[in-house]
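Coordinates from start.cif are shown below (mmCIF, C-alpha atoms).
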data_run
#
loop_
_atom_site.label_atom_id
_atom_site.label_comp_id
_atom_site.auth_asym_id
_atom_site.auth_seq_id
_atom_site.Cartn_x
_atom_site.Cartn_y
_atom_site.Cartn_z
CA MET A 16 120.16 65.73 133.40
CA ALA A 17 123.88 66.39 133.34
CA GLU A 18 124.98 70.02 133.17
CA LEU A 19 126.85 69.29 129.94
CA ASP A 20 123.46 68.48 128.40
CA ARG A 21 122.06 71.88 129.45
CA PRO A 22 124.35 74.43 127.76
CA LEU A 23 121.65 77.11 127.86
CA LYS A 24 121.10 76.90 131.62
CA GLY A 25 120.27 80.33 133.02
CA GLN A 26 119.40 81.78 129.62
CA VAL A 27 116.02 83.23 128.64
CA ALA A 28 114.49 82.61 125.21
CA LEU A 29 111.51 84.39 123.65
CA VAL A 30 109.76 82.12 121.14
CA THR A 31 106.82 83.26 118.99
CA GLY A 32 104.40 80.85 117.37
CA ALA A 33 104.99 78.57 120.34
CA SER A 34 101.53 77.00 120.61
CA ARG A 35 102.10 74.39 117.90
CA GLY A 36 104.27 73.26 115.01
CA ILE A 37 107.85 74.41 114.67
CA GLY A 38 107.54 77.06 117.38
CA ALA A 39 106.36 74.55 119.98
CA ALA A 40 108.98 72.00 118.96
CA LEU A 41 111.72 74.63 119.15
CA ALA A 42 110.60 75.75 122.61
CA VAL A 43 110.83 72.17 123.88
CA ALA A 44 114.26 71.75 122.27
CA LEU A 45 115.57 74.95 123.88
CA ALA A 46 114.10 74.00 127.24
CA ARG A 47 115.82 70.62 127.06
CA ARG A 48 119.08 72.52 126.63
CA GLY A 49 118.37 74.52 129.76
CA ALA A 50 116.76 77.76 128.56
CA HIS A 51 113.73 79.22 130.28
CA CYS A 52 111.29 79.80 127.43
CA VAL A 53 108.82 82.67 127.18
CA LEU A 54 106.11 81.32 124.90
CA VAL A 55 104.14 83.69 122.67
CA ALA A 56 101.05 82.72 120.64
CA ARG A 57 97.39 83.63 120.28
CA THR A 58 96.03 80.33 121.57
CA HIS A 59 96.26 79.90 125.34
CA GLY A 60 95.30 76.23 125.16
CA GLY A 61 98.11 75.54 122.70
CA LEU A 62 100.58 77.35 124.92
CA GLU A 63 99.53 75.19 127.85
CA GLU A 64 100.19 72.06 125.77
CA THR A 65 103.67 73.32 124.94
CA ASP A 66 104.23 74.16 128.60
CA ASP A 67 103.21 70.60 129.54
CA ALA A 68 105.72 69.19 127.04
CA ILE A 69 108.46 71.46 128.36
CA ARG A 70 107.80 70.46 131.95
CA ALA A 71 107.76 66.79 130.95
CA ALA A 72 111.22 67.38 129.48
CA GLY A 73 112.42 68.89 132.76
CA GLY A 74 112.30 72.50 131.58
CA SER A 75 110.43 75.65 132.53
CA ALA A 76 108.38 78.23 130.66
CA THR A 77 106.35 81.41 130.99
CA LEU A 78 103.18 81.77 128.91
CA LEU A 79 102.45 85.02 127.08
CA PRO A 80 99.17 84.77 125.13
CA PHE A 81 99.34 87.55 122.56
CA ASP A 82 98.18 88.32 119.02
CA LEU A 83 101.20 89.76 117.21
CA ALA A 84 98.96 91.37 114.58
CA GLY A 85 96.05 92.26 116.84
CA LYS A 86 94.69 95.62 117.97
CA GLU A 87 97.28 95.83 120.76
CA ALA A 88 100.27 94.88 118.62
CA ASP A 89 102.08 98.02 119.74
CA LYS A 90 102.48 96.36 123.13
CA ILE A 91 105.19 94.19 121.55
CA ASP A 92 107.38 97.21 122.26
CA SER A 93 107.24 96.36 125.96
CA PHE A 94 108.46 92.76 125.57
CA GLY A 95 112.17 93.48 125.87
CA PRO A 96 112.01 95.80 128.90
CA SER A 97 109.46 93.56 130.63
CA LEU A 98 111.61 90.45 130.22
CA VAL A 99 114.66 92.27 131.55
CA GLU A 100 112.62 93.54 134.50
CA ARG A 101 111.35 90.05 135.31
CA PHE A 102 114.32 87.84 134.46
CA GLY A 103 117.20 90.27 134.33
CA ARG A 104 118.14 89.24 130.78
CA LEU A 105 117.12 88.08 127.33
CA ASP A 106 119.49 85.80 125.43
CA ILE A 107 117.49 84.36 122.53
CA LEU A 108 114.80 85.64 120.18
CA ALA A 109 113.15 83.11 117.87
CA HIS A 110 110.42 84.54 115.65
CA VAL A 111 108.69 81.44 114.33
CA ALA A 112 105.14 82.78 114.02
CA GLY A 113 104.02 83.41 110.46
CA ALA A 114 100.88 84.03 108.43
CA LEU A 115 100.09 82.45 105.05
CA GLY A 116 96.91 84.31 104.14
CA SER A 117 94.84 83.17 101.19
CA LEU A 118 96.49 81.62 98.17
CA THR A 119 95.10 83.95 95.54
CA PRO A 120 96.15 86.09 92.57
CA ILE A 121 97.83 89.34 93.55
CA ALA A 122 94.92 91.29 92.07
CA HIS A 123 92.43 89.45 94.28
CA ILE A 124 94.09 89.76 97.69
CA GLN A 125 91.72 91.28 100.22
CA PRO A 126 92.79 94.20 102.43
CA ARG A 127 92.07 92.24 105.62
CA ASP A 128 94.34 89.37 104.51
CA TRP A 129 97.07 91.80 103.48
CA THR A 130 96.92 93.56 106.83
CA GLN A 131 97.26 90.24 108.67
CA LEU A 132 100.21 89.13 106.53
CA VAL A 133 102.07 92.39 106.94
CA GLY A 134 101.26 92.44 110.66
CA VAL A 135 102.73 89.04 111.46
CA ASN A 136 105.43 88.64 108.83
CA MET A 137 106.78 92.19 108.72
CA THR A 138 105.51 94.57 111.39
CA ALA A 139 105.93 92.07 114.22
CA THR A 140 109.46 91.39 112.98
CA TRP A 141 110.28 95.10 113.15
CA ARG A 142 108.75 95.50 116.60
CA LEU A 143 110.50 92.40 117.95
CA ILE A 144 113.85 93.62 116.65
CA ARG A 145 113.18 97.05 118.11
CA THR A 146 112.30 95.81 121.58
CA CYS A 147 114.79 92.94 121.82
CA ASP A 148 117.86 94.66 120.37
CA PRO A 149 119.07 96.25 123.65
CA PRO A 150 118.90 93.14 125.88
CA LEU A 151 120.24 90.86 123.15
CA ARG A 152 123.21 93.17 122.60
CA ALA A 153 123.79 93.17 126.37
CA ALA A 154 123.72 89.36 126.57
CA PRO A 155 127.07 87.50 126.62
CA ALA A 156 126.07 85.64 123.45
CA GLY A 157 122.75 87.01 122.19
CA ARG A 158 121.15 85.04 119.38
CA ALA A 159 118.21 85.83 117.11
CA VAL A 160 116.70 83.57 114.48
CA PHE A 161 113.75 84.12 112.15
CA VAL A 162 111.94 81.40 110.23
CA THR A 163 111.66 82.13 106.51
CA THR A 164 110.66 80.31 103.34
CA GLY A 165 112.18 79.34 100.01
CA ARG A 166 109.21 81.05 98.37
CA VAL A 167 111.15 84.32 98.74
CA GLN A 168 113.67 83.17 96.12
CA ARG A 169 111.23 81.04 94.16
CA PRO A 170 108.02 82.98 93.39
CA LYS A 171 104.96 80.89 92.56
CA PRO A 172 101.52 81.86 91.30
CA PHE A 173 99.05 82.67 94.10
CA TRP A 174 101.79 82.79 96.77
CA GLY A 175 102.71 86.43 96.10
CA PRO A 176 101.53 88.14 99.31
CA TYR A 177 103.15 85.49 101.52
CA GLY A 178 106.42 85.55 99.58
CA ALA A 179 106.48 89.35 99.44
CA THR A 180 105.99 89.84 103.18
CA LYS A 181 108.55 87.17 104.00
CA ALA A 182 110.97 88.89 101.63
CA GLY A 183 110.43 92.10 103.57
CA MET A 184 111.13 90.23 106.78
CA GLU A 185 114.35 88.81 105.34
CA HIS A 186 115.55 92.25 104.29
CA MET A 187 115.01 93.67 107.77
CA VAL A 188 116.72 90.72 109.43
CA LYS A 189 119.76 90.79 107.16
CA THR A 190 120.07 94.55 107.61
CA TRP A 191 119.96 94.11 111.39
CA ALA A 192 122.63 91.43 111.13
CA LEU A 193 124.92 93.89 109.35
CA GLU A 194 124.27 96.49 112.01
CA VAL A 195 125.31 94.15 114.85
CA GLU A 196 128.20 92.38 113.12
CA ASN A 197 130.74 94.02 115.45
CA THR A 198 128.89 92.88 118.58
CA PRO A 199 128.55 89.41 120.16
CA LEU A 200 124.95 89.23 118.86
CA ARG A 201 124.41 86.83 115.94
CA VAL A 202 121.30 87.12 113.74
CA ASN A 203 120.24 84.52 111.18
CA LEU A 204 117.35 83.16 109.15
CA PHE A 205 116.25 79.53 109.04
CA ASP A 206 114.45 77.86 106.14
CA PRO A 207 112.88 74.61 107.40
CA GLY A 208 111.65 73.52 103.99
CA VAL A 209 108.44 71.48 103.76
CA VAL A 210 107.20 70.68 107.28
CA ALA A 211 103.93 69.21 108.54
CA THR A 212 102.45 72.33 110.14
CA LYS A 213 98.99 73.88 110.23
CA MET A 214 100.16 76.40 107.63
CA ARG A 215 101.28 73.57 105.34
CA ALA A 216 97.92 71.85 105.78
CA GLN A 217 96.18 75.11 104.89
CA ALA A 218 98.21 75.40 101.70
CA MET A 219 98.09 71.71 100.76
CA PRO A 220 94.88 70.29 102.25
CA GLY A 221 95.10 67.01 100.36
CA GLU A 222 98.62 66.16 101.48
CA ASP A 223 99.28 63.34 103.93
CA PRO A 224 101.21 65.08 106.74
CA SER A 225 103.01 61.85 107.61
CA THR A 226 104.83 61.98 104.26
CA VAL A 227 106.70 65.24 105.01
CA THR A 228 109.20 66.39 107.64
CA GLN A 229 107.83 66.79 111.16
CA PRO A 230 108.39 69.88 113.36
CA GLU A 231 110.34 67.81 115.90
CA GLU A 232 112.80 66.87 113.16
CA VAL A 233 113.76 70.44 112.27
CA ALA A 234 113.71 71.83 115.82
CA PRO A 235 117.25 70.69 116.80
CA ALA A 236 118.79 72.42 113.77
CA LEU A 237 116.88 75.60 114.57
CA ALA A 238 117.93 75.36 118.22
CA ASP A 239 121.56 75.06 117.10
CA LEU A 240 121.33 78.58 115.65
CA CYS A 241 120.50 79.80 119.16
CA MET A 242 123.61 78.34 120.76
CA PRO A 243 126.47 80.50 122.07
CA ALA A 244 128.87 78.67 119.74
CA GLU A 245 126.97 79.74 116.62
CA ALA A 246 129.29 82.06 114.68
CA ARG A 247 127.29 82.66 111.51
CA ASN A 248 125.61 86.02 111.06
CA GLY A 249 123.21 87.32 108.43
CA GLU A 250 122.84 83.94 106.75
CA THR A 251 119.82 81.98 105.57
CA VAL A 252 120.41 78.48 106.87
CA PRO A 253 118.43 75.68 105.17
CA PHE A 254 117.38 72.58 107.06
CA SER A 255 119.34 69.51 106.10
CA ARG A 256 119.12 66.05 107.60
#

Encoded form using structure tokens:
Amino acid sequence: MAELDRPLKGQVALVTGASRGIGAALAVALARRGAHCVLVARTHGGLEETDDAIRAAGGSATLLPFDLAGKEADKIDSFGPSLVERFGRLDILAHVAGALGSLTPIAHIQPRDWTQLVGVNMTATWRLIRTCDPPLRAAPAGRAVFVTTGRVQRPKPFWGPYGATKAGMEHMVKTWALEVENTPLRVNLFDPGVVATKMRAQAMPGEDPSTVTQPEEVAPALADLCMPAEARNGETVPFSR
């Protein structure tokens, strides 16, 4: 592959939710552009499938099986320093992992579901920002992107816990973007819209997944937000064909 086709050569990208769906598709897209991808997800088998796809595309990856909302979630704090120790840098953070929980009235949400939603959608966001801020600021063109949802602006019955925790995520991300606006680091949100993912199937079990946008279709637009040329900061960027 020509060097002009690998503009991220030498860069290191941390991608959560990388075992399937948008996270896996993004990891492959970044690897095709030359980035070495550190893949984070709970499912080791899914990570191996993503790794196979990356290698088939001529890229490279490191697998990091980890539950972002599990009992050892505080170990997220070590991600940034560990990546710098191993690779000498971190250039890209892409937090794609998300939790939907149960679609239920606010009054009926169970504590266990709430804890999971807050853990993945909010607490993991905070911890990732906390641990990745120093190396991303030190990178020549650090980039961070977080996947969000239109449900934040458009509340809908039974989607309250998901929308609320994603709204909390958005607030943290946009605040961070303001805090780094005078640095080379750019921080943005990405709204992929309706995509055929496991989460979508959970929410709409009767829907034919072939009738909606596929993860591979949105991945290039999401990868564009990770490029050194990306100048936007603190924006919510919707997917458009």

Against segment 235-242 of chain A, which residues of segment 60-139 of chain A fall within 9 Å? For each one I want the closest pair of atoms and the distance in Å (one decimal), counting only C-alpha atoms, rows by chain and increasing residue number, as a tab-separated table.
residue	atom	partner	partner_atom	distance
A:Asp106	CA	A:Cys241	CA	8.7
A:Ile107	CA	A:Cys241	CA	6.4
A:Leu108	CA	A:Cys241	CA	8.2
A:Ala109	CA	A:Cys241	CA	8.2

Item to check | Within 9 Å of segment 167-182 of chain A using only C-alpha atoms, minus same-chain residues under 3 positions, as a PyMOL selection string | outcome: chain A and resi 113-121+124+128-129+132-133+135-137+163-164+185-187

Please produce an output containing C-alpha atoms for each residue in the selection, written as a compact mmCIF listing (two decimals), keeping the file's coordinate frame.
# COMPACT_ATOMS: atom_id res chain seq x y z
CA GLY A 113 104.02 83.41 110.46
CA ALA A 114 100.88 84.03 108.43
CA LEU A 115 100.09 82.45 105.05
CA GLY A 116 96.91 84.31 104.14
CA SER A 117 94.84 83.17 101.19
CA LEU A 118 96.49 81.62 98.17
CA THR A 119 95.10 83.95 95.54
CA PRO A 120 96.15 86.09 92.57
CA ILE A 121 97.83 89.34 93.55
CA ILE A 124 94.09 89.76 97.69
CA ASP A 128 94.34 89.37 104.51
CA TRP A 129 97.07 91.80 103.48
CA LEU A 132 100.21 89.13 106.53
CA VAL A 133 102.07 92.39 106.94
CA VAL A 135 102.73 89.04 111.46
CA ASN A 136 105.43 88.64 108.83
CA MET A 137 106.78 92.19 108.72
CA THR A 163 111.66 82.13 106.51
CA THR A 164 110.66 80.31 103.34
CA GLU A 185 114.35 88.81 105.34
CA HIS A 186 115.55 92.25 104.29
CA MET A 187 115.01 93.67 107.77

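Here atom CA of Glu232 of chain A is placed at a distance of 12.1 Å from atom CA of Val43 of chain A.
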
Per-axis box centre and lengths in Å around segment 178-188 of chain A, 6 Å margin per side, axis-aligned, as AutoDock Vina command-line options:
--center_x 111.4 --center_y 89.6 --center_z 104.4 --size_x 22.7 --size_y 20.1 --size_z 22.0

Checklist entry - Exactly which residues make up the result of the PyMOL selection byres ((chain A and resi 196) around 12) on this file, given as an MDAnalysis selection string? => result chainID A and resid 152 157:158 189:195 197:203 246:250

Checklist entry - How would you write, as an MDAnalysis selection string, the residues chosen by the PyMOL selection byres ((chain A and resi 32) around 10) on this structure? => result chainID A and resid 30:31 33:39 41:42 54:58 61:62 81:83 109:113

Resulting file, chosen residues, C-alpha atoms, as a short mmCIF file (atom, residue, chain, number, x, y, z; two decimals), keeping the file's coordinate frame:
data_model
loop_
_atom_site.label_atom_id
_atom_site.label_comp_id
_atom_site.auth_asym_id
_atom_site.auth_seq_id
_atom_site.Cartn_x
_atom_site.Cartn_y
_atom_site.Cartn_z
CA VAL A 30 109.76 82.12 121.14
CA THR A 31 106.82 83.26 118.99
CA ALA A 33 104.99 78.57 120.34
CA SER A 34 101.53 77.00 120.61
CA ARG A 35 102.10 74.39 117.90
CA GLY A 36 104.27 73.26 115.01
CA ILE A 37 107.85 74.41 114.67
CA GLY A 38 107.54 77.06 117.38
CA ALA A 39 106.36 74.55 119.98
CA LEU A 41 111.72 74.63 119.15
CA ALA A 42 110.60 75.75 122.61
CA LEU A 54 106.11 81.32 124.90
CA VAL A 55 104.14 83.69 122.67
CA ALA A 56 101.05 82.72 120.64
CA ARG A 57 97.39 83.63 120.28
CA THR A 58 96.03 80.33 121.57
CA GLY A 61 98.11 75.54 122.70
CA LEU A 62 100.58 77.35 124.92
CA PHE A 81 99.34 87.55 122.56
CA ASP A 82 98.18 88.32 119.02
CA LEU A 83 101.20 89.76 117.21
CA ALA A 109 113.15 83.11 117.87
CA HIS A 110 110.42 84.54 115.65
CA VAL A 111 108.69 81.44 114.33
CA ALA A 112 105.14 82.78 114.02
CA GLY A 113 104.02 83.41 110.46
#

For the structure shown, which residues end up in the PyMOL selection byres ((chain A and resi 69-76) around 7)? Put them as an mmCIF file with C-alpha atoms, in the coordinates of the input, please?
data_model
loop_
_atom_site.group_PDB
_atom_site.id
_atom_site.type_symbol
_atom_site.label_atom_id
_atom_site.label_comp_id
_atom_site.auth_asym_id
_atom_site.auth_seq_id
_atom_site.Cartn_x
_atom_site.Cartn_y
_atom_site.Cartn_z
ATOM 1 C CA VAL A 43 110.830 72.170 123.880
ATOM 2 C CA ALA A 46 114.100 74.000 127.240
ATOM 3 C CA ARG A 47 115.820 70.620 127.060
ATOM 4 C CA GLY A 49 118.370 74.520 129.760
ATOM 5 C CA HIS A 51 113.730 79.220 130.280
ATOM 6 C CA CYS A 52 111.290 79.800 127.430
ATOM 7 C CA VAL A 53 108.820 82.670 127.180
ATOM 8 C CA LEU A 54 106.110 81.320 124.900
ATOM 9 C CA THR A 65 103.670 73.320 124.940
ATOM 10 C CA ASP A 66 104.230 74.160 128.600
ATOM 11 C CA ASP A 67 103.210 70.600 129.540
ATOM 12 C CA ALA A 68 105.720 69.190 127.040
ATOM 13 C CA THR A 77 106.350 81.410 130.990
ATOM 14 C CA LEU A 78 103.180 81.770 128.910
#
